[in-house]
Amino acid sequence: MHRVVALVRPVQSTFELGCAAEVFGTQRAGVPHYYEFEVCAETPGPVPTSAGYTLGVSQGLSALASADTVLIPGWAPVEAPLSAPVRHALLRAHARGARLVTICSGVFALARTGLLNGRSATTHWARAAQLAREFPEVRVEPDVLYVDHGDVATSAGAGAGIDLCLHLVRKDHGAAHATLVSRHMVMSPHREGGQAQYAPPAPPTDALDGLLEWAGARLGTALSVGDLAAYLSVSPRTLARRFADQLGTSPGAWLLSRRVAEARTLLEETNLPVEAIAARVGLTSAVNLRRRFRAQVGTTPGAYRRAFRGSGIRM
């Protein structure tokens, strides 16, 4: 049996812990069971949860000494320091060959061990910038659902913890077994795309003397960087400097991201075909929209629409 031990802490997220427990700890009729699932805490006893009830945890950090996988199902608040005993227990587990896995904010705890320095990692899109800021030696991948280096693995938001856990099952016991588990969970064995599709588009801003609002109202036209510069009566080079200083991007990159953001809104709120949406946002053709959309959002327009279209459709 592969022994998975989750390290919980007050106040423990029940969903993030439940993601791991559902994949590794639930026995199902007709499904081979390859894992033992346990929980431990730095201080055994009652552990309050985000759902308002208390977990009774009997095991302390010594449970990590024989774990094959150590799982950190969230770390709240993310600013909470890593105590010396927890840090030493995690480093000892890793040194003897245990796999260290985090779900969502759990990556902040793992980053404090130094094991992610010089390596890529991910977390919830809303925390990615904070992770990169606090741990500059970690290469933060804000779009992906999970990152697996073999000895350490991190997942994006809480739901992506299921994606990572199923990935680990697939890695440990093959695709057929992982698919069997996912079917019993009524889950897709593998989700398409990354988490960029779940992050909301950046809100409009009033920077650059009204240029962005003006351009946003004309996305369906053949708008060029030259047109943007002409609106402000500046050269394209001056425009590029102003974009870099105020927005941290180039005029062309901003215009493309604004077109894709508008395409996301139209996919969510209308029944318009992809060809019509491409024309409305100035991307000319469905082929171009699909290529640009996948590059920025990590999935196709069709898959995005199926996942995010609301019930109130307008034409």
# chains A, B, ... in the order shown; residues from 1 in each chain; ligands from 1
>>> residues_around(residues="Val8 in chain A", least_positions_apart="5", cutoff="9 Å", atoms="only C-alpha atoms", output="list in words")
Ser13, Leu17, Val39, Cys40, Ala41, Glu42, Val47, Val57, Leu71, Ile72, Pro73, Gly74 and Trp75 of chain A
>>> residues_around(residues="Glu36 in chain A", least_positions_apart="5", cutoff="9 Å", atoms="only C-alpha atoms", output="PyMOL selection string")
chain A and resi 1-5+24-25
>>> write_last_selection(atoms="N, CA, C and O atoms", output="PDB file, in the first residue's frame")
ATOM      1  N   MET A   1       0.831  -1.202   0.000  1.00  0.00           N
ATOM      2  CA  MET A   1       0.000   0.000   0.000  1.00  0.00           C
ATOM      3  C   MET A   1       0.870   1.258   0.000  1.00  0.00           C
ATOM      4  O   MET A   1       1.847   1.347   0.741  1.00  0.00           O
ATOM      5  N   HIS A   2       0.494   2.199  -0.811  1.00  0.00           N
ATOM      6  CA  HIS A   2       1.147   3.506  -0.852  1.00  0.00           C
ATOM      7  C   HIS A   2       0.491   4.376   0.214  1.00  0.00           C
ATOM      8  O   HIS A   2      -0.712   4.611   0.189  1.00  0.00           O
ATOM      9  N   ARG A   3       1.266   4.892   1.136  1.00  0.00           N
ATOM     10  CA  ARG A   3       0.726   5.620   2.287  1.00  0.00           C
ATOM     11  C   ARG A   3       0.741   7.120   2.002  1.00  0.00           C
ATOM     12  O   ARG A   3       1.802   7.721   1.823  1.00  0.00           O
ATOM     13  N   VAL A   4      -0.443   7.722   1.954  1.00  0.00           N
ATOM     14  CA  VAL A   4      -0.605   9.162   1.757  1.00  0.00           C
ATOM     15  C   VAL A   4      -0.995   9.784   3.086  1.00  0.00           C
ATOM     16  O   VAL A   4      -1.989   9.377   3.697  1.00  0.00           O
ATOM     17  N   VAL A   5      -0.227  10.753   3.543  1.00  0.00           N
ATOM     18  CA  VAL A   5      -0.515  11.427   4.809  1.00  0.00           C
ATOM     19  C   VAL A   5      -0.698  12.914   4.533  1.00  0.00           C
ATOM     20  O   VAL A   5       0.203  13.564   3.984  1.00  0.00           O
ATOM     21  N   PHE A  24      -7.668   9.367  -2.777  1.00  0.00           N
ATOM     22  CA  PHE A  24      -6.754   8.409  -2.161  1.00  0.00           C
ATOM     23  C   PHE A  24      -7.371   7.598  -1.015  1.00  0.00           C
ATOM     24  O   PHE A  24      -6.885   6.512  -0.699  1.00  0.00           O
ATOM     25  N   GLY A  25      -8.434   8.126  -0.401  1.00  0.00           N
ATOM     26  CA  GLY A  25      -8.921   7.492   0.818  1.00  0.00           C
ATOM     27  C   GLY A  25     -10.256   6.796   0.732  1.00  0.00           C
ATOM     28  O   GLY A  25     -10.678   6.155   1.693  1.00  0.00           O
TER      29      GLY A  25
END
>>> atom_distance(atom1="CA of Arg264 in chain A", atom2="CA of Arg127 in chain A")
22.1 Å
>>> atom_distance(atom1="CA of Tyr53 in chain A", atom2="CA of His184 in chain A")
27.1 Å
>>> select_by_dssp(residues="range 9-103 of chain A", states="helix (DSSP H, G or I)", output="ChimeraX atom specification")
/A:14-25,61-66,84-95
>>> write_last_selection(atoms="C-alpha atoms", output="PDB file, in the first residue's frame")
ATOM      1  CA  THR A  14     -12.479  20.952   4.136  1.00  0.00           C
ATOM      2  CA  PHE A  15     -12.756  20.978   0.354  1.00  0.00           C
ATOM      3  CA  GLU A  16      -9.026  20.824  -0.295  1.00  0.00           C
ATOM      4  CA  LEU A  17      -8.625  18.012   2.222  1.00  0.00           C
ATOM      5  CA  GLY A  18     -11.695  16.317   0.748  1.00  0.00           C
ATOM      6  CA  CYS A  19     -10.190  16.381  -2.764  1.00  0.00           C
ATOM      7  CA  ALA A  20      -7.298  14.230  -1.578  1.00  0.00           C
ATOM      8  CA  ALA A  21      -9.450  12.019   0.637  1.00  0.00           C
ATOM      9  CA  GLU A  22     -11.869  11.313  -2.215  1.00  0.00           C
ATOM     10  CA  VAL A  23      -9.099  10.196  -4.572  1.00  0.00           C
ATOM     11  CA  PHE A  24      -6.754   8.409  -2.161  1.00  0.00           C
ATOM     12  CA  GLY A  25      -8.921   7.492   0.818  1.00  0.00           C
ATOM     13  CA  LEU A  61       4.321  14.873  12.743  1.00  0.00           C
ATOM     14  CA  SER A  62       5.820  11.445  13.358  1.00  0.00           C
ATOM     15  CA  ALA A  63       3.216  10.126  10.881  1.00  0.00           C
ATOM     16  CA  LEU A  64       5.222  11.750   8.096  1.00  0.00           C
ATOM     17  CA  ALA A  65       8.234   9.568   8.852  1.00  0.00           C
ATOM     18  CA  SER A  66       6.791   6.609   6.940  1.00  0.00           C
ATOM     19  CA  ALA A  84      10.776  24.571  12.724  1.00  0.00           C
ATOM     20  CA  PRO A  85       9.276  21.136  13.552  1.00  0.00           C
ATOM     21  CA  VAL A  86       7.040  21.172  10.446  1.00  0.00           C
ATOM     22  CA  ARG A  87       9.860  22.369   8.207  1.00  0.00           C
ATOM     23  CA  HIS A  88      12.225  19.684   9.502  1.00  0.00           C
ATOM     24  CA  ALA A  89       9.564  16.975   9.144  1.00  0.00           C
ATOM     25  CA  LEU A  90       8.883  17.951   5.523  1.00  0.00           C
ATOM     26  CA  LEU A  91      12.578  18.113   4.648  1.00  0.00           C
ATOM     27  CA  ARG A  92      13.258  14.752   6.304  1.00  0.00           C
ATOM     28  CA  ALA A  93      10.370  13.144   4.417  1.00  0.00           C
ATOM     29  CA  HIS A  94      11.650  14.533   1.137  1.00  0.00           C
ATOM     30  CA  ALA A  95      15.236  13.479   1.859  1.00  0.00           C
TER      31      ALA A  95
END
>>> residues_around(residues="Arg290 in chain A", least_positions_apart="3", cutoff="7 Å", atoms="only C-alpha atoms", output="PyMOL selection string")
chain A and resi 286-287+293-294+300-301
>>> write_last_selection(atoms="all heavy atoms", output="PDB file, in the first residue's frame")
ATOM      1  N   ALA A 286     -12.268  32.663 -37.827  1.00  0.00           N
ATOM      2  CA  ALA A 286     -12.381  31.682 -36.753  1.00  0.00           C
ATOM      3  C   ALA A 286     -11.044  31.000 -36.498  1.00  0.00           C
ATOM      4  O   ALA A 286     -10.700  30.700 -35.349  1.00  0.00           O
ATOM      5  CB  ALA A 286     -13.451  30.647 -37.113  1.00  0.00           C
ATOM      6  N   VAL A 287     -10.289  30.770 -37.557  1.00  0.00           N
ATOM      7  CA  VAL A 287      -8.981  30.117 -37.399  1.00  0.00           C
ATOM      8  C   VAL A 287      -8.057  30.978 -36.542  1.00  0.00           C
ATOM      9  O   VAL A 287      -7.391  30.491 -35.628  1.00  0.00           O
ATOM     10  CB  VAL A 287      -8.346  29.852 -38.784  1.00  0.00           C
ATOM     11  CG1 VAL A 287      -6.904  29.377 -38.627  1.00  0.00           C
ATOM     12  CG2 VAL A 287      -9.164  28.812 -39.543  1.00  0.00           C
ATOM     13  N   PHE A 293      -6.886  32.420 -29.082  1.00  0.00           N
ATOM     14  CA  PHE A 293      -7.612  32.064 -27.866  1.00  0.00           C
ATOM     15  C   PHE A 293      -6.875  30.965 -27.109  1.00  0.00           C
ATOM     16  O   PHE A 293      -6.683  31.050 -25.891  1.00  0.00           O
ATOM     17  CB  PHE A 293      -9.025  31.600 -28.229  1.00  0.00           C
ATOM     18  CG  PHE A 293     -10.002  31.662 -27.091  1.00  0.00           C
ATOM     19  CD1 PHE A 293     -10.739  32.803 -26.854  1.00  0.00           C
ATOM     20  CD2 PHE A 293     -10.199  30.566 -26.257  1.00  0.00           C
ATOM     21  CE1 PHE A 293     -11.655  32.863 -25.811  1.00  0.00           C
ATOM     22  CE2 PHE A 293     -11.100  30.616 -25.213  1.00  0.00           C
ATOM     23  CZ  PHE A 293     -11.831  31.771 -24.985  1.00  0.00           C
ATOM     24  N   ARG A 294      -6.457  29.930 -27.814  1.00  0.00           N
ATOM     25  CA  ARG A 294      -5.737  28.840 -27.161  1.00  0.00           C
ATOM     26  C   ARG A 294      -4.429  29.334 -26.551  1.00  0.00           C
ATOM     27  O   ARG A 294      -4.053  28.927 -25.458  1.00  0.00           O
ATOM     28  CB  ARG A 294      -5.469  27.693 -28.131  1.00  0.00           C
ATOM     29  CG  ARG A 294      -4.705  26.545 -27.490  1.00  0.00           C
ATOM     30  CD  ARG A 294      -4.536  25.369 -28.414  1.00  0.00           C
ATOM     31  NE  ARG A 294      -5.737  24.551 -28.516  1.00  0.00           N
ATOM     32  CZ  ARG A 294      -6.106  23.661 -27.614  1.00  0.00           C
ATOM     33  NH1 ARG A 294      -5.383  23.488 -26.513  1.00  0.00           N
ATOM     34  NH2 ARG A 294      -7.185  22.946 -27.781  1.00  0.00           N
ATOM     35  N   THR A 300      -9.889  25.853 -26.255  1.00  0.00           N
ATOM     36  CA  THR A 300     -10.514  26.313 -27.488  1.00  0.00           C
ATOM     37  C   THR A 300     -11.757  27.144 -27.179  1.00  0.00           C
ATOM     38  O   THR A 300     -12.348  27.012 -26.097  1.00  0.00           O
ATOM     39  CB  THR A 300     -10.931  25.121 -28.355  1.00  0.00           C
ATOM     40  OG1 THR A 300     -11.955  24.379 -27.659  1.00  0.00           O
ATOM     41  CG2 THR A 300      -9.746  24.217 -28.644  1.00  0.00           C
ATOM     42  N   PRO A 301     -12.190  27.999 -28.109  1.00  0.00           N
ATOM     43  CA  PRO A 301     -13.431  28.747 -27.883  1.00  0.00           C
ATOM     44  C   PRO A 301     -14.625  27.832 -27.610  1.00  0.00           C
ATOM     45  O   PRO A 301     -15.458  28.129 -26.746  1.00  0.00           O
ATOM     46  CB  PRO A 301     -13.603  29.536 -29.189  1.00  0.00           C
ATOM     47  CG  PRO A 301     -12.225  29.701 -29.718  1.00  0.00           C
ATOM     48  CD  PRO A 301     -11.510  28.434 -29.352  1.00  0.00           C
TER      49      PRO A 301
END
>>> residues_around(residues="range 145-162 of chain A", least_positions_apart="4", cutoff="8 Å", atoms="only C-alpha atoms", output="JSON, numbers by chain")
{"A": [15, 16, 19, 20, 23, 94, 97, 98, 99, 100, 101, 102, 103, 104, 105, 107, 120, 121, 122, 123, 124, 125, 166, 193, 194, 195]}
>>> select_by_dssp(residues="range 76-209 of chain A", states="strand (DSSP E)", output="ChimeraX atom specification")
/A:99-103,120-121,139-140,146-148,152-155
>>> atom_distance(atom1="CA of Arg9 in chain A", atom2="CA of Leu115 in chain A")
20.3 Å
>>> closest_residue(among="A:Phe108, A:Leu255, A:Glu79, A:Gly216", to="Ala132 in chain A", atoms="only C-alpha atoms")
A:Phe108
>>> residues_around(residues="Val281 in chain A", least_positions_apart="5", cutoff="12 Å", atoms="only C-alpha atoms", output="PyMOL selection string")
chain A and resi 215-223+255-267+274-276+286+288-289+292-293
>>> write_last_selection(atoms="C-alpha atoms", output="PDB file, in the first residue's frame")
ATOM      1  CA  ALA A 215      -9.948  51.333 -28.561  1.00  0.00           C
ATOM      2  CA  GLY A 216     -12.202  48.969 -26.630  1.00  0.00           C
ATOM      3  CA  ALA A 217     -15.236  50.415 -28.402  1.00  0.00           C
ATOM      4  CA  ARG A 218     -13.631  49.763 -31.797  1.00  0.00           C
ATOM      5  CA  LEU A 219     -12.360  46.207 -31.489  1.00  0.00           C
ATOM      6  CA  GLY A 220     -14.372  45.077 -34.501  1.00  0.00           C
ATOM      7  CA  THR A 221     -12.467  47.431 -36.791  1.00  0.00           C
ATOM      8  CA  ALA A 222      -9.031  46.960 -38.324  1.00  0.00           C
ATOM      9  CA  LEU A 223      -7.431  48.775 -35.411  1.00  0.00           C
ATOM     10  CA  LEU A 255      -4.854  45.039 -28.067  1.00  0.00           C
ATOM     11  CA  LEU A 256      -4.725  41.273 -28.577  1.00  0.00           C
ATOM     12  CA  SER A 257      -5.541  40.523 -24.927  1.00  0.00           C
ATOM     13  CA  ARG A 258      -8.458  42.991 -25.092  1.00  0.00           C
ATOM     14  CA  ARG A 259      -9.814  41.232 -28.211  1.00  0.00           C
ATOM     15  CA  VAL A 260      -9.552  37.827 -26.527  1.00  0.00           C
ATOM     16  CA  ALA A 261     -11.211  39.160 -23.368  1.00  0.00           C
ATOM     17  CA  GLU A 262     -14.149  40.431 -25.428  1.00  0.00           C
ATOM     18  CA  ALA A 263     -14.337  37.064 -27.204  1.00  0.00           C
ATOM     19  CA  ARG A 264     -14.610  35.364 -23.804  1.00  0.00           C
ATOM     20  CA  THR A 265     -17.552  37.600 -22.892  1.00  0.00           C
ATOM     21  CA  LEU A 266     -19.329  36.886 -26.167  1.00  0.00           C
ATOM     22  CA  LEU A 267     -18.762  33.132 -25.802  1.00  0.00           C
ATOM     23  CA  VAL A 274     -17.183  31.563 -33.568  1.00  0.00           C
ATOM     24  CA  GLU A 275     -16.830  33.158 -37.016  1.00  0.00           C
ATOM     25  CA  ALA A 276     -19.133  36.032 -36.026  1.00  0.00           C
ATOM     26  CA  ALA A 286     -12.381  31.682 -36.753  1.00  0.00           C
ATOM     27  CA  ASN A 288      -7.179  33.185 -36.069  1.00  0.00           C
ATOM     28  CA  LEU A 289      -9.495  33.418 -33.059  1.00  0.00           C
ATOM     29  CA  ARG A 292      -5.037  33.336 -30.361  1.00  0.00           C
ATOM     30  CA  PHE A 293      -7.612  32.064 -27.866  1.00  0.00           C
TER      31      PHE A 293
END
>>> closest_residue(among="A:Leu272, A:Ala279, A:Val225, A:Leu232", to="Leu211 in chain A", atoms="only C-alpha atoms")
A:Leu232
>>> residues_around(residues="range 135-137 of chain A", least_positions_apart="2", cutoff="8 Å", atoms="only C-alpha atoms", output="JSON, numbers by chain")
{"A": [111, 116, 117, 118, 119, 131, 132, 133, 139]}
